[in-house]
Structure formats: C-alpha cells, structure tokens
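**Student:** My structure is stored as run.pdb, with PDB, C-alpha atoms.
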ATOM      1  CA  MET A  20       0.000   0.000   0.000  1.00  0.00           C
ATOM      2  CA  ASP A  21       1.181   3.517  -0.816  1.00  0.00           C
ATOM      3  CA  PRO A  22       2.510   5.004   2.477  1.00  0.00           C
ATOM      4  CA  GLY A  23       0.550   8.205   1.768  1.00  0.00           C
ATOM      5  CA  MET A  24      -2.662   6.184   1.880  1.00  0.00           C
ATOM      6  CA  GLN A  25      -2.098   4.676   5.345  1.00  0.00           C
ATOM      7  CA  PRO A  26      -4.722   5.507   8.010  1.00  0.00           C
ATOM      8  CA  LYS A  27      -4.144   8.962   9.489  1.00  0.00           C
ATOM      9  CA  LYS A  28      -4.534  10.332  13.007  1.00  0.00           C
ATOM     10  CA  ALA A  29      -4.120  13.739  14.620  1.00  0.00           C
ATOM     11  CA  LYS A  30      -4.746  15.098  18.092  1.00  0.00           C
ATOM     12  CA  VAL A  31      -5.474  18.627  19.294  1.00  0.00           C
ATOM     13  CA  VAL A  32      -4.642  19.197  22.968  1.00  0.00           C
ATOM     14  CA  PHE A  33      -6.158  22.021  25.045  1.00  0.00           C
ATOM     15  CA  ASN A  34      -4.586  23.152  28.317  1.00  0.00           C
ATOM     16  CA  ASN A  35      -5.397  26.828  28.747  1.00  0.00           C
ATOM     17  CA  GLY A  36      -8.691  27.163  30.644  1.00  0.00           C
ATOM     18  CA  VAL A  37     -10.413  24.484  28.589  1.00  0.00           C
ATOM     19  CA  THR A  38      -8.627  21.159  28.990  1.00  0.00           C
ATOM     20  CA  GLY A  39      -8.786  17.888  27.128  1.00  0.00           C
ATOM     21  CA  ASP A  40      -8.382  16.909  23.511  1.00  0.00           C
ATOM     22  CA  ILE A  41      -9.981  16.241  20.161  1.00  0.00           C
ATOM     23  CA  GLU A  42      -8.757  13.121  18.360  1.00  0.00           C
ATOM     24  CA  LEU A  43      -9.119  12.964  14.582  1.00  0.00           C
ATOM     25  CA  SER A  44      -8.805   9.769  12.562  1.00  0.00           C
ATOM     26  CA  GLN A  45      -9.515   8.622   9.038  1.00  0.00           C
ATOM     27  CA  ALA A  46      -9.004   5.090   7.745  1.00  0.00           C
ATOM     28  CA  ASN A  47      -8.591   6.137   4.095  1.00  0.00           C
ATOM     29  CA  HIS A  48      -9.339   9.062   1.783  1.00  0.00           C
ATOM     30  CA  LYS A  49     -12.853   7.779   0.987  1.00  0.00           C
ATOM     31  CA  ASP A  50     -14.008   7.317   4.594  1.00  0.00           C
ATOM     32  CA  PRO A  51     -15.423  10.147   6.722  1.00  0.00           C
ATOM     33  CA  LEU A  52     -13.238  11.886   9.266  1.00  0.00           C
ATOM     34  CA  GLU A  53     -13.971  10.641  12.788  1.00  0.00           C
ATOM     35  CA  MET A  54     -13.678  13.120  15.668  1.00  0.00           C
ATOM     36  CA  LYS A  55     -13.690  12.187  19.353  1.00  0.00           C
ATOM     37  CA  LEU A  56     -14.143  15.166  21.659  1.00  0.00           C
ATOM     38  CA  ASN A  57     -13.065  14.935  25.273  1.00  0.00           C
ATOM     39  CA  LEU A  58     -13.181  18.482  26.664  1.00  0.00           C
ATOM     40  CA  LYS A  59     -13.485  19.770  30.228  1.00  0.00           C
ATOM     41  CA  SER A  60     -14.085  23.139  31.870  1.00  0.00           C
ATOM     42  CA  LEU A  61     -16.067  24.713  29.049  1.00  0.00           C
ATOM     43  CA  LYS A  62     -17.904  27.857  30.019  1.00  0.00           C
ATOM     44  CA  ASP A  63     -21.640  28.246  29.316  1.00  0.00           C
ATOM     45  CA  THR A  64     -21.130  28.236  25.563  1.00  0.00           C
ATOM     46  CA  VAL A  65     -17.930  28.017  23.590  1.00  0.00           C
ATOM     47  CA  GLY A  66     -19.772  29.464  20.620  1.00  0.00           C
ATOM     48  CA  PRO A  67     -18.478  28.918  17.141  1.00  0.00           C
ATOM     49  CA  TRP A  68     -15.913  26.170  16.812  1.00  0.00           C
ATOM     50  CA  HIS A  69     -14.234  25.625  13.514  1.00  0.00           C
ATOM     51  CA  ILE A  70     -11.128  24.634  11.604  1.00  0.00           C
ATOM     52  CA  HIS A  71      -9.045  27.408  10.062  1.00  0.00           C
ATOM     53  CA  ARG A  72      -7.081  27.215   6.828  1.00  0.00           C
ATOM     54  CA  LEU A  73      -3.821  27.990   8.645  1.00  0.00           C
ATOM     55  CA  PRO A  74      -2.626  27.159  12.166  1.00  0.00           C
ATOM     56  CA  VAL A  75      -3.027  29.659  14.986  1.00  0.00           C
ATOM     57  CA  VAL A  76       0.386  31.233  15.525  1.00  0.00           C
ATOM     58  CA  THR A  77      -0.306  34.532  17.293  1.00  0.00           C
ATOM     59  CA  ASP A  78      -4.074  34.836  17.682  1.00  0.00           C
ATOM     60  CA  CYS A  79      -7.298  33.412  16.284  1.00  0.00           C
ATOM     61  CA  SER A  80      -8.016  36.293  13.902  1.00  0.00           C
ATOM     62  CA  ALA A  81      -8.793  35.917  10.204  1.00  0.00           C
ATOM     63  CA  ASN A  82      -5.568  37.823   9.455  1.00  0.00           C
ATOM     64  CA  SER A  83      -3.530  35.178  11.293  1.00  0.00           C
ATOM     65  CA  THR A  84      -5.412  32.034  10.238  1.00  0.00           C
ATOM     66  CA  SER A  85      -6.836  32.973   6.822  1.00  0.00           C
ATOM     67  CA  GLY A  86     -10.466  32.181   7.648  1.00  0.00           C
ATOM     68  CA  HIS A  87     -12.333  28.891   7.854  1.00  0.00           C
ATOM     69  CA  TYR A  88     -11.291  25.783   5.954  1.00  0.00           C
ATOM     70  CA  ASN A  89     -13.618  25.977   2.927  1.00  0.00           C
ATOM     71  CA  PRO A  90     -12.209  23.922   0.011  1.00  0.00           C
ATOM     72  CA  PHE A  91     -15.566  23.772  -1.796  1.00  0.00           C
ATOM     73  CA  ALA A  92     -16.061  27.586  -1.728  1.00  0.00           C
ATOM     74  CA  VAL A  93     -19.463  27.323  -0.029  1.00  0.00           C
ATOM     75  CA  THR A  94     -21.098  30.648   0.809  1.00  0.00           C
ATOM     76  CA  ALA A  95     -21.147  30.877   4.601  1.00  0.00           C
ATOM     77  CA  THR A  96     -24.539  31.395   6.251  1.00  0.00           C
ATOM     78  CA  TYR A  97     -23.550  30.682   9.886  1.00  0.00           C
ATOM     79  CA  LYS A  98     -26.956  29.067  10.418  1.00  0.00           C
ATOM     80  CA  ALA A  99     -27.486  25.412  11.257  1.00  0.00           C
ATOM     81  CA  CYS A 100     -27.140  23.174   8.196  1.00  0.00           C
ATOM     82  CA  GLU A 101     -29.245  20.096   7.706  1.00  0.00           C
ATOM     83  CA  ASP A 102     -26.928  19.062   4.866  1.00  0.00           C
ATOM     84  CA  ALA A 103     -23.177  19.217   5.626  1.00  0.00           C
ATOM     85  CA  ALA A 104     -22.515  19.927   1.934  1.00  0.00           C
ATOM     86  CA  ALA A 105     -24.279  23.291   2.352  1.00  0.00           C
ATOM     87  CA  CYS A 106     -21.802  24.430   5.072  1.00  0.00           C
ATOM     88  CA  GLU A 107     -18.182  25.453   5.007  1.00  0.00           C
ATOM     89  CA  ALA A 108     -16.245  22.230   5.619  1.00  0.00           C
ATOM     90  CA  GLY A 109     -14.446  23.757   8.607  1.00  0.00           C
ATOM     91  CA  ASP A 110     -17.484  25.387  10.265  1.00  0.00           C
ATOM     92  CA  LEU A 111     -18.131  22.696  12.853  1.00  0.00           C
ATOM     93  CA  ALA A 112     -20.582  24.704  14.986  1.00  0.00           C
ATOM     94  CA  THR A 113     -22.898  25.192  12.011  1.00  0.00           C
ATOM     95  CA  LYS A 114     -22.770  21.492  11.143  1.00  0.00           C
ATOM     96  CA  PHE A 115     -22.785  19.932  14.620  1.00  0.00           C
ATOM     97  CA  GLY A 116     -24.022  22.639  16.999  1.00  0.00           C
ATOM     98  CA  PRO A 117     -22.234  24.630  19.694  1.00  0.00           C
ATOM     99  CA  LEU A 118     -20.181  23.110  22.467  1.00  0.00           C
ATOM    100  CA  THR A 119     -22.037  23.975  25.647  1.00  0.00           C
ATOM    101  CA  GLY A 120     -21.405  23.943  29.370  1.00  0.00           C
ATOM    102  CA  GLY A 121     -19.060  21.957  31.551  1.00  0.00           C
ATOM    103  CA  ASP A 122     -17.633  18.810  29.992  1.00  0.00           C
ATOM    104  CA  VAL A 123     -18.195  17.522  26.466  1.00  0.00           C
ATOM    105  CA  GLN A 124     -17.621  13.967  25.373  1.00  0.00           C
ATOM    106  CA  LYS A 125     -18.953  13.043  21.960  1.00  0.00           C
ATOM    107  CA  ALA A 126     -18.061  11.363  18.704  1.00  0.00           C
ATOM    108  CA  ILE A 127     -18.710  13.010  15.343  1.00  0.00           C
ATOM    109  CA  SER A 128     -18.340  11.716  11.799  1.00  0.00           C
ATOM    110  CA  ASP A 129     -17.833  14.221   8.956  1.00  0.00           C
ATOM    111  CA  PRO A 130     -17.699  13.184   5.276  1.00  0.00           C
ATOM    112  CA  LYS A 131     -16.500  16.653   4.127  1.00  0.00           C
ATOM    113  CA  LEU A 132     -13.285  16.855   6.174  1.00  0.00           C
ATOM    114  CA  THR A 133     -10.146  14.895   5.390  1.00  0.00           C
ATOM    115  CA  LEU A 134      -6.685  14.226   6.744  1.00  0.00           C
ATOM    116  CA  PHE A 135      -5.573  13.211   3.228  1.00  0.00           C
ATOM    117  CA  GLY A 136      -4.394  15.419   0.415  1.00  0.00           C
ATOM    118  CA  PHE A 137      -3.703  19.104   0.051  1.00  0.00           C
ATOM    119  CA  ASN A 138      -5.158  21.560   2.595  1.00  0.00           C
ATOM    120  CA  ARG A 139      -6.579  24.434   0.562  1.00  0.00           C
TER     121      ARG A 139
END
Using structure tokens, write down the structure that the file contains.

**Tutor:**
Amino acid sequence: MDPGMQPKKAKVVFNNGVTGDIELSQANHKDPLEMKLNLKSLKDTVGPWHIHRLPVVTDCSANSTSGHYNPFAVTATYKACEDAAACEAGDLATKFGPLTGGDVQKAISDPKLTLFGFNR
C-alpha cells in the first residue's frame, strides 16, 4: 500500500482554561473523518468552533489564520445546516451545533473533512 494512503490520526490538545483533547482519525481518503471530543471546563457556551485554513500562531483572527477551511467555496450562512454539503467544511458549529457547558464527550463523523491530500 502507498505510504501516503495509510490511516491517518491527529490530536489537538487544550490546556489553557479548557482542557482535554480532540482526536481525529480517518481510515482512508474515501471514509469520513472521525472526531472524538473529550473536553473539560467549558464555560456556558464556547460558541463557534471551527477549523481554520492555517494554524493559529499569534491569535485566532482571520488575518492570522486565513479564515475557515472551505475547500468547496461554499457561501457561509452561519446558520445550522441540515446538509453538511451546504456548510463550510471547517465550520463545525454550524454542522454539529455549539459546544455547551461543563464537559463535552462526543463522537462526530464528517464526510466533508479529510486528513488526506492538500489543505486548501
């Protein structure tokens, strides 16, 4: 098997107020991205949670991170989407709802996000 096509995993670790992690995994480029959230100490509402095009280096502004990950050039509405294809790929709050209060443990599957290929 091509080494670039091996299953992929990534982990985001939080330790500044909010603690915990989000584990990402994808068996192959055709399967949906699986996300396992294990977060603690959330305030009442985290609000919008999303994936940016670029990593956060200095702050979480659009100037620093170049906006949401949106490889399909979907027009953002920032309203709940019944169809994930109608949302920006990286706008997780619109697709899966806000992260609210206390501790969050949930699993999410997203067919529009990938750990394979070029990140546009």

**Student:** Can you tell me which residues surround A:Ala104 at a distance of at most 10 Å, considering all atoms listed in the file, apart from same-chain residues fewer than 4 positions away, and format the answer as a ChimeraX atom specification?

**Tutor:** /A:91,93,100,108,114,130-131

**Student:** Take every atom of stretch 44-61 of chain A listed in the file, pad by 6 Å on each side, and give me the axis-aligned box centre and edge lengths in Å, one decimal, as AutoDock Vina command-line options.

**Tutor:**
--center_x -12.3 --center_y 14.9 --center_z 16.4 --size_x 19.5 --size_y 31.6 --size_z 42.9

**Student:** Counting all atoms listed in the file, which of A:Ser128, A:Thr84, A:Asn47, A:Asn57 gets nearest to A:Phe33?

**Tutor:**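 For A:Phe33, the nearest of the given residues is A:Asn57.
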
**Student:** Pick out the closest residue to A:His69 from this set: A:Leu118, A:Ala29, A:Ala105, A:Ala92. Count only C-alpha atoms.

**Tutor:**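 Counting only C-alpha atoms, the residue closest to A:His69 is A:Leu118.
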
**Student:** If you apply the PyMOL selection byres ((chain A and resi 90) around 12) to this file, what residues do you get, as an MDAnalysis selection string?

**Tutor:** chainID A and resid 70:72 86:89 91:94 104 106:110 131:133 136:139

**Student:** Could you pull the residues within 9 Å of A:Val123, counting all atoms listed in the file, minus those fewer than 3 positions along the same chain, as a list of chain:residue names?

**Tutor:** A:Leu56, A:Asn57, A:Leu58, A:Lys59, A:Ser60, A:Leu61, A:Leu118, A:Thr119, A:Gly120

**Student:** What's the separation between atom CA of A:Asp122 and atom CA of A:Val32, in Å to one decimal place?

**Tutor:**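 Atom CA of A:Asp122 sits 14.8 Å away from atom CA of A:Val32.
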
**Student:** Using atom CA of A:Leu134 and atom CA of A:Leu73 as the two end points, give the distance in Å to one decimal.

**Tutor:**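 Separation between atom CA of A:Leu134 and atom CA of A:Leu73: 14.2 Å.
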
**Student:** Please, what distance in Å, to one decimal, runs between atom CA of A:Gln124 and atom CA of A:Met24?

**Tutor:** 28.9 Å
